[in-house]
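Next up, start_39.cif (mmCIF, C-alpha atoms):
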```
data_run
#
loop_
_atom_site.label_atom_id
_atom_site.label_comp_id
_atom_site.auth_asym_id
_atom_site.auth_seq_id
_atom_site.Cartn_x
_atom_site.Cartn_y
_atom_site.Cartn_z
CA MET A 1 300.31 96.29 78.53
CA LEU A 2 299.80 92.52 78.39
CA ILE A 3 299.39 92.67 74.62
CA LEU A 4 302.53 94.80 74.26
CA SER A 5 304.57 92.22 76.17
CA PHE A 6 304.37 89.97 73.09
CA VAL A 7 305.69 92.58 70.61
CA PRO A 8 309.35 91.39 70.56
CA ILE A 9 308.38 87.76 69.94
CA PHE A 10 306.18 88.61 66.95
CA LEU A 11 308.82 90.98 65.53
CA GLY A 12 311.30 88.12 65.78
CA LEU A 13 308.94 85.59 64.19
CA GLY A 14 308.28 87.92 61.26
CA PHE A 15 311.97 88.62 60.74
CA LEU A 16 312.88 84.95 61.05
CA GLN A 17 310.51 84.05 58.20
CA ILE A 18 312.74 86.11 55.90
CA VAL A 19 315.89 84.68 57.46
CA LEU A 20 314.75 81.10 56.93
CA GLY A 21 313.46 81.63 53.43
CA ALA A 22 316.07 83.93 51.93
CA TRP A 23 319.10 84.76 54.03
CA LEU A 24 320.30 81.30 55.11
CA VAL A 25 320.94 80.22 51.52
CA THR A 26 323.26 83.20 51.09
CA VAL A 27 325.52 82.09 53.95
CA GLY A 28 326.19 78.51 52.93
CA PHE A 29 323.01 76.60 53.69
CA THR A 30 321.39 74.67 50.86
CA ALA A 31 317.83 75.29 49.77
CA VAL A 32 316.98 71.82 51.12
CA GLN A 33 318.36 72.73 54.55
CA ALA A 34 316.44 76.01 54.58
CA GLY A 35 313.31 74.11 53.55
CA LEU A 36 313.84 71.60 56.35
CA LEU A 37 314.14 74.40 58.90
CA ILE A 38 310.89 75.96 57.69
CA SER A 39 309.18 72.55 57.60
CA ALA A 40 310.36 71.64 61.11
CA GLN A 41 308.75 74.78 62.47
CA GLY A 42 305.49 74.19 60.59
CA ILE A 43 305.28 70.53 61.59
CA ALA A 44 305.92 71.41 65.23
CA VAL A 45 303.05 73.94 65.12
CA VAL A 46 300.66 71.34 63.69
CA ILE A 47 301.69 68.59 66.12
CA THR A 48 301.69 70.74 69.28
CA SER A 49 298.72 73.08 68.77
CA ILE A 50 295.89 70.78 69.84
CA PRO A 51 297.68 69.12 72.79
CA LEU A 52 298.88 72.50 74.08
CA GLY A 53 295.36 73.91 73.76
CA VAL A 54 294.01 71.02 75.84
CA ILE A 55 296.82 71.45 78.40
CA SER A 56 296.06 75.17 78.71
CA ASP A 57 292.36 74.38 79.21
CA ILE A 58 293.10 71.94 82.02
CA TYR A 59 296.11 73.45 83.80
CA GLY A 60 295.86 77.14 82.97
CA ARG A 61 297.33 79.49 80.43
CA LYS A 62 299.86 81.60 82.33
CA GLN A 63 302.68 79.06 82.73
CA LEU A 64 302.28 77.80 79.17
CA LEU A 65 302.55 81.32 77.76
CA ILE A 66 305.63 82.04 79.87
CA LEU A 67 307.19 78.80 78.59
CA GLU A 68 306.19 79.72 75.02
CA ASN A 69 307.85 83.12 75.34
CA LEU A 70 311.03 81.56 76.72
CA ALA A 71 311.15 78.98 73.94
CA GLY A 72 310.73 81.68 71.29
CA ALA A 73 313.44 83.88 72.79
CA ILE A 74 315.92 81.00 73.15
CA ALA A 75 315.24 79.86 69.58
CA LEU A 76 315.96 83.35 68.24
CA LEU A 77 319.22 83.45 70.19
CA VAL A 78 320.23 80.06 68.76
CA PHE A 79 319.69 81.41 65.23
CA ALA A 80 321.87 84.40 66.10
CA LEU A 81 324.71 82.49 67.72
CA THR A 82 325.28 79.31 65.71
CA THR A 83 325.29 77.87 62.21
CA ASN A 84 325.17 74.27 63.44
CA PHE A 85 322.32 72.70 61.48
CA LEU A 86 321.20 70.35 64.27
CA TYR A 87 320.95 73.26 66.70
CA LEU A 88 319.00 75.26 64.13
CA ILE A 89 316.58 72.36 63.56
CA SER A 90 316.06 72.19 67.34
CA ALA A 91 315.48 75.96 67.39
CA SER A 92 312.94 75.63 64.56
CA VAL A 93 311.07 72.97 66.52
CA ALA A 94 311.16 75.25 69.61
CA LEU A 95 309.71 78.07 67.51
CA GLY A 96 307.00 75.73 66.30
CA PHE A 97 306.21 74.82 69.90
CA ALA A 98 306.12 78.54 70.79
CA GLU A 99 303.82 79.31 67.90
CA GLY A 100 301.58 76.33 68.67
CA ALA A 101 301.26 77.43 72.31
CA SER A 102 300.61 81.01 71.28
CA VAL A 103 297.98 80.14 68.67
CA THR A 104 295.92 78.03 71.04
CA THR A 105 296.48 79.79 74.34
CA TRP A 106 296.75 83.53 73.68
CA ASN A 107 293.20 84.10 72.43
CA ALA A 108 291.81 81.79 75.10
CA LEU A 109 293.61 83.87 77.76
CA LEU A 110 292.22 87.09 76.33
CA ALA A 111 288.73 85.57 76.40
CA ASP A 112 289.24 84.59 80.04
CA LEU A 113 290.40 88.10 81.01
CA THR A 114 287.76 90.13 79.21
CA SER A 115 284.05 90.69 79.54
CA ASN A 116 281.48 91.12 76.79
CA SER A 117 281.81 94.90 77.06
CA ASN A 118 285.52 95.08 76.20
CA ARG A 119 286.23 91.79 74.41
CA ASN A 120 285.93 93.18 70.87
CA ARG A 121 288.32 96.05 71.62
CA VAL A 122 290.91 93.79 73.27
CA PHE A 123 290.82 91.20 70.49
CA SER A 124 291.10 93.96 67.88
CA LEU A 125 294.16 95.40 69.63
CA SER A 126 295.71 91.94 69.85
CA PHE A 127 295.06 91.24 66.17
CA ILE A 128 296.54 94.62 65.17
CA MET A 129 299.62 94.09 67.37
CA ILE A 130 300.29 90.62 65.97
CA ASN A 131 299.89 91.66 62.34
CA VAL A 132 301.73 94.98 62.58
CA THR A 133 304.72 93.61 64.50
CA THR A 134 305.00 90.48 62.35
CA GLY A 135 304.74 92.73 59.28
CA ILE A 136 307.49 95.02 60.56
CA GLY A 137 309.66 91.95 61.12
CA LEU A 138 308.97 90.83 57.55
CA VAL A 139 309.90 94.17 55.95
CA LEU A 140 312.83 94.95 58.25
CA PRO A 141 315.40 93.36 55.89
CA GLY A 142 314.30 95.83 53.22
CA ALA A 143 316.22 98.51 55.12
CA PHE A 144 319.42 96.46 55.22
CA PRO A 145 320.96 97.63 51.92
CA ALA A 146 320.71 101.25 53.07
CA LEU A 147 322.08 100.34 56.51
CA GLN A 148 324.97 98.47 54.90
CA SER A 149 325.92 101.44 52.75
CA LEU A 150 325.66 103.83 55.72
CA THR A 151 327.54 101.71 58.24
CA GLY A 152 329.76 99.42 56.15
CA VAL A 153 328.49 96.43 58.15
CA THR A 154 328.25 93.21 56.14
CA ASN A 155 324.91 91.62 55.30
CA ASN A 156 325.80 88.58 57.41
CA THR A 157 326.68 90.68 60.46
CA LEU A 158 323.58 92.83 60.09
CA HIS A 159 321.31 89.78 60.00
CA ARG A 160 323.03 88.12 62.97
CA GLU A 161 323.02 91.26 65.09
CA THR A 162 319.35 91.89 64.31
CA ILE A 163 318.40 88.33 65.29
CA LEU A 164 320.52 88.67 68.45
CA GLY A 165 318.83 91.97 69.34
CA LEU A 166 315.38 90.53 68.73
CA GLY A 167 316.25 87.43 70.77
CA MET A 168 317.48 89.55 73.67
CA ALA A 169 314.39 91.77 73.48
CA SER A 170 312.20 88.66 73.33
CA SER A 171 313.80 87.34 76.51
CA ILE A 172 312.17 90.29 78.30
CA SER A 173 308.69 89.15 77.17
CA PRO A 174 308.30 86.23 79.60
CA LEU A 175 309.44 88.44 82.47
CA MET A 176 307.00 91.20 81.50
CA PHE A 177 304.20 88.66 81.13
CA TYR A 178 305.02 87.12 84.53
CA ILE A 179 305.08 90.51 86.26
CA LEU A 180 301.79 91.56 84.66
CA ARG A 181 300.06 88.28 85.57
CA LYS A 182 301.85 87.63 88.89
CA HIS A 183 298.79 88.13 91.07
CA HIS A 184 296.36 86.42 88.72
CA ARG A 185 295.41 83.01 90.05
CA GLU A 186 294.08 80.60 87.48
CA THR A 187 291.78 77.82 88.42
CA HIS A 188 292.77 74.38 87.25
CA ASN A 189 289.71 72.91 85.65
CA PRO A 190 289.94 69.36 84.28
CA GLY A 191 286.36 69.76 83.06
CA ARG A 192 287.25 72.77 80.90
CA ARG A 193 288.58 71.37 77.66
CA TRP A 194 288.95 72.46 74.08
CA SER A 195 288.33 76.20 74.56
CA GLY A 196 291.91 76.80 73.41
CA LEU A 197 290.88 75.47 70.03
#
```
Full structure transcribed into structure tokens:
Amino acid sequence: MLILSFVPIFLGLGFLQIVLGAWLVTVGFTAVQAGLLISAQGIAVVITSIPLGVISDIYGRKQLLILENLAGAIALLVFALTTNFLYLISASVALGFAEGASVTTWNALLADLTSNSNRNRVFSLSFIMINVTTGIGLVLPGAFPALQSLTGVTNNTLHRETILGLGMASSISPLMFYILRKHHRETHNPGRRWSGL
């Protein structure tokens, strides 16, 4: 169940890769602006990954993953609701933060919660979930031409409503994660460092 709580976020991240790379330039953004949005996300991942991994080692993983889920959901909603470039840059940075926290903290949390007997199975399920849901998000726009012809909805509206739906679904992820981990008490261990890497 814990692994499934991250499905909406990874669907949204996969879909947003297409949005940033292809769709934004069709609605008035320049290729340079689209490139800056992609770069802002990538730079934020690189800058935040190591510090967030260290923070999760020292202070625990639960709160950081809840914050990561919230940041990802809010960023998706920003992409759905505005075309203001400064807001979109901020949302890209928030997505980079979310991805950086996820990359360094998620696997470390799974390692903390599993034993040698079930670790391989849990990590395999996590890897499958991440790749399948991100892949579905990537190919989702391939269905849009058929949906447009069936419904008469414009390409712009279809993209925005999909991002909005994914953002709203992603906002459930931090709540699900919190409920599933509510009774789990992490120990704060200043001596435990770098395992998130």
Residue nearest Leu95 (chain A) - candidates A:Gln63, A:Asn69, A:Thr133, A:Thr151, atoms counted: all atoms listed in the file: A:Asn69
Exercise: residues within 10 Å of coordinate (303.8, 82.2, 82.5), counting all atoms listed in the file, as a PyMOL selection string: chain A and resi 60-70+174-182
Selection result for the PyMOL selection byres ((chain A and resi 80) around 6) on this file, as an NGL selection string: :A and (77-79 or 81 or 160 or 163-164)
Those selected residues, please, written with C-alpha atoms and delivered as an mmCIF file, in the coordinates of the input.
```cif
data_model
loop_
_atom_site.group_PDB
_atom_site.id
_atom_site.type_symbol
_atom_site.label_atom_id
_atom_site.label_comp_id
_atom_site.auth_asym_id
_atom_site.auth_seq_id
_atom_site.Cartn_x
_atom_site.Cartn_y
_atom_site.Cartn_z
ATOM 1 C CA LEU A 77 319.220 83.450 70.190
ATOM 2 C CA VAL A 78 320.230 80.060 68.760
ATOM 3 C CA PHE A 79 319.690 81.410 65.230
ATOM 4 C CA LEU A 81 324.710 82.490 67.720
ATOM 5 C CA ARG A 160 323.030 88.120 62.970
ATOM 6 C CA ILE A 163 318.400 88.330 65.290
ATOM 7 C CA LEU A 164 320.520 88.670 68.450
#
```
Residue among A:Leu2, A:Leu138, A:Ser171, A:Thr105 lying closest to Ile18 (chain A), counting all atoms listed in the file: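 When distances to Ile18 (chain A) are compared using all atoms listed in the file, the smallest one comes from A:Leu138.
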Shortest interatomic distance to Tyr87 (chain A) - which of A:Leu37, A:Gln148, A:Leu52, A:Leu158, counting all atoms listed in the file: A:Leu37
Between CA of Asn107 (chain A) and CA of Ser126 (chain A), distance in Å (one decimal):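 Going from CA of Asn107 (chain A) over to CA of Ser126 (chain A), I get 8.6 Å.
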Selection result of the PyMOL selection byres ((chain A and resi 99) around 9) on this file, as a list in words: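 Selection result, ordered by chain and number: Leu13, Gln41, Ala44, Val45, Thr48, Ser49, Glu68, Gly72, Ala94, Leu95, Gly96, Phe97, Ala98, Gly100, Ala101, Ser102, Val103 and Thr104 of chain A.
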Answer as JSON, numbers by chain, residues within 10 Å of (318.6, 76.1, 53.8) using all atoms listed in the file: {"A": [19, 20, 21, 22, 23, 24, 25, 26, 27, 28, 29, 30, 31, 32, 33, 34, 35, 36, 37, 38, 85]}
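Residues matched by the PyMOL selection byres ((chain A and resi 122) around 12) in this file are Met1, Leu2, Ile3, Leu4, Trp106, Asn107, Leu109, Leu110, Ala111, Asp112, Leu113, Thr114, Ser115, Asn116, Ser117, Asn118, Arg119, Asn120, Arg121, Phe123, Ser124, Leu125, Ser126, Phe127, Ile128 and Met129 of chain A.
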Write a file of the just-selected residues containing C-alpha atoms, as an mmCIF file, in the coordinates of the input.
```cif
data_model
loop_
_atom_site.group_PDB
_atom_site.id
_atom_site.type_symbol
_atom_site.label_atom_id
_atom_site.label_comp_id
_atom_site.auth_asym_id
_atom_site.auth_seq_id
_atom_site.Cartn_x
_atom_site.Cartn_y
_atom_site.Cartn_z
ATOM 1 C CA MET A 1 300.310 96.290 78.530
ATOM 2 C CA LEU A 2 299.800 92.520 78.390
ATOM 3 C CA ILE A 3 299.390 92.670 74.620
ATOM 4 C CA LEU A 4 302.530 94.800 74.260
ATOM 5 C CA TRP A 106 296.750 83.530 73.680
ATOM 6 C CA ASN A 107 293.200 84.100 72.430
ATOM 7 C CA LEU A 109 293.610 83.870 77.760
ATOM 8 C CA LEU A 110 292.220 87.090 76.330
ATOM 9 C CA ALA A 111 288.730 85.570 76.400
ATOM 10 C CA ASP A 112 289.240 84.590 80.040
ATOM 11 C CA LEU A 113 290.400 88.100 81.010
ATOM 12 C CA THR A 114 287.760 90.130 79.210
ATOM 13 C CA SER A 115 284.050 90.690 79.540
ATOM 14 C CA ASN A 116 281.480 91.120 76.790
ATOM 15 C CA SER A 117 281.810 94.900 77.060
ATOM 16 C CA ASN A 118 285.520 95.080 76.200
ATOM 17 C CA ARG A 119 286.230 91.790 74.410
ATOM 18 C CA ASN A 120 285.930 93.180 70.870
ATOM 19 C CA ARG A 121 288.320 96.050 71.620
ATOM 20 C CA PHE A 123 290.820 91.200 70.490
ATOM 21 C CA SER A 124 291.100 93.960 67.880
ATOM 22 C CA LEU A 125 294.160 95.400 69.630
ATOM 23 C CA SER A 126 295.710 91.940 69.850
ATOM 24 C CA PHE A 127 295.060 91.240 66.170
ATOM 25 C CA ILE A 128 296.540 94.620 65.170
ATOM 26 C CA MET A 129 299.620 94.090 67.370
#
```
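For the choices A:Ser39, A:Asn84, A:Thr134, A:Asn155, the atom-to-atom distance to Phe6 (chain A) is smallest for A:Thr134 when using all atoms listed in the file.
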Distance in Å - CA of Thr83 (chain A) versus CA of Ile130 (chain A): 28.3 Å
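Counting only C-alpha atoms, the residue from A:Val132, A:Leu76, A:Ala91, A:Leu147 that sits nearest to Gly12 (chain A) is A:Leu76.
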Which of A:Leu11, A:Ile136, A:Ala143, A:Ala73 sits closest to Ile172 (chain A) [using only C-alpha atoms]: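 For Ile172 (chain A), the nearest of the candidates is A:Ala73.
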One-decimal distance in Å that lies between CA of Phe15 (chain A) and CA of Val153 (chain A):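 About the pair CA of Val153 (chain A) and CA of Phe15 (chain A): they are 18.5 Å apart.
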Can you sort out the box for region 85-104 of chain A, edges along x, y and z, all listed atoms in, 6 Å on every side, with centre and edge lengths in Å to one decimal, as JSON?
```
{"center_x": 309.1, "center_y": 75.7, "center_z": 66.9, "size_x": 38.4, "size_y": 22.7, "size_z": 22.8}
```
Output region 80-91 of chain A as a compact mmCIF listing (two decimals), in the coordinates of the input, making sure all heavy atoms are there.
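Saved file selection.txt follows:
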```txt
# COMPACT_ATOMS: atom_id res chain seq x y z
N ALA A 80 320.88 83.32 66.14
CA ALA A 80 321.87 84.40 66.10
C ALA A 80 323.28 83.91 66.38
O ALA A 80 324.25 84.47 65.87
CB ALA A 80 321.50 85.49 67.11
N LEU A 81 323.41 82.85 67.18
CA LEU A 81 324.71 82.49 67.72
C LEU A 81 325.38 81.28 67.08
O LEU A 81 326.55 81.02 67.35
CB LEU A 81 324.59 82.25 69.23
CG LEU A 81 324.13 83.47 70.04
CD1 LEU A 81 323.88 83.10 71.49
CD2 LEU A 81 325.15 84.60 69.94
N THR A 82 324.67 80.52 66.26
CA THR A 82 325.28 79.31 65.71
C THR A 82 324.85 79.08 64.26
O THR A 82 323.80 79.57 63.83
CB THR A 82 324.94 78.07 66.56
OG1 THR A 82 325.69 76.95 66.07
CG2 THR A 82 323.47 77.73 66.52
N THR A 83 325.66 78.33 63.55
CA THR A 83 325.29 77.87 62.21
C THR A 83 325.22 76.35 62.19
O THR A 83 325.12 75.76 61.12
CB THR A 83 326.31 78.35 61.16
OG1 THR A 83 327.61 77.91 61.55
CG2 THR A 83 326.29 79.86 61.02
N ASN A 84 325.28 75.72 63.36
CA ASN A 84 325.17 74.27 63.44
C ASN A 84 323.75 73.85 63.06
O ASN A 84 322.78 74.27 63.70
CB ASN A 84 325.51 73.80 64.86
CG ASN A 84 325.44 72.30 65.01
OD1 ASN A 84 324.39 71.69 64.87
ND2 ASN A 84 326.59 71.71 65.31
N PHE A 85 323.64 73.03 62.02
CA PHE A 85 322.32 72.70 61.48
C PHE A 85 321.44 71.98 62.49
O PHE A 85 320.23 72.23 62.55
CB PHE A 85 322.48 71.87 60.20
CG PHE A 85 321.18 71.61 59.50
CD1 PHE A 85 320.49 72.64 58.88
CD2 PHE A 85 320.63 70.34 59.48
CE1 PHE A 85 319.27 72.42 58.25
CE2 PHE A 85 319.43 70.09 58.85
CZ PHE A 85 318.74 71.13 58.23
N LEU A 86 322.01 71.09 63.28
CA LEU A 86 321.20 70.35 64.27
C LEU A 86 320.64 71.30 65.33
O LEU A 86 319.49 71.16 65.75
CB LEU A 86 322.02 69.24 64.92
CG LEU A 86 322.38 68.07 64.01
CD1 LEU A 86 323.25 67.06 64.75
CD2 LEU A 86 321.13 67.39 63.46
N TYR A 87 321.45 72.27 65.75
CA TYR A 87 320.95 73.26 66.70
C TYR A 87 319.84 74.11 66.07
O TYR A 87 318.86 74.45 66.73
CB TYR A 87 322.08 74.18 67.18
CG TYR A 87 323.09 73.52 68.07
CD1 TYR A 87 324.40 73.97 68.12
CD2 TYR A 87 322.76 72.44 68.89
CE1 TYR A 87 325.35 73.38 68.94
CE2 TYR A 87 323.69 71.84 69.71
CZ TYR A 87 324.99 72.30 69.73
OH TYR A 87 325.92 71.72 70.55
N LEU A 88 320.01 74.44 64.80
CA LEU A 88 319.00 75.26 64.13
C LEU A 88 317.70 74.49 63.93
O LEU A 88 316.61 75.06 64.05
CB LEU A 88 319.53 75.76 62.79
CG LEU A 88 320.71 76.74 62.88
CD1 LEU A 88 321.12 77.21 61.49
CD2 LEU A 88 320.41 77.92 63.77
N ILE A 89 317.80 73.18 63.66
CA ILE A 89 316.58 72.36 63.56
C ILE A 89 315.87 72.35 64.92
O ILE A 89 314.65 72.50 65.00
CB ILE A 89 316.92 70.92 63.11
CG1 ILE A 89 317.13 70.85 61.60
CG2 ILE A 89 315.82 69.93 63.50
CD1 ILE A 89 315.86 70.88 60.76
N SER A 90 316.64 72.17 65.99
CA SER A 90 316.06 72.19 67.34
C SER A 90 315.40 73.54 67.62
O SER A 90 314.31 73.60 68.20
CB SER A 90 317.13 71.92 68.39
OG SER A 90 317.71 70.65 68.17
N ALA A 91 316.04 74.62 67.20
CA ALA A 91 315.48 75.96 67.39
C ALA A 91 314.20 76.13 66.58
O ALA A 91 313.24 76.75 67.05
CB ALA A 91 316.50 77.02 67.01
```
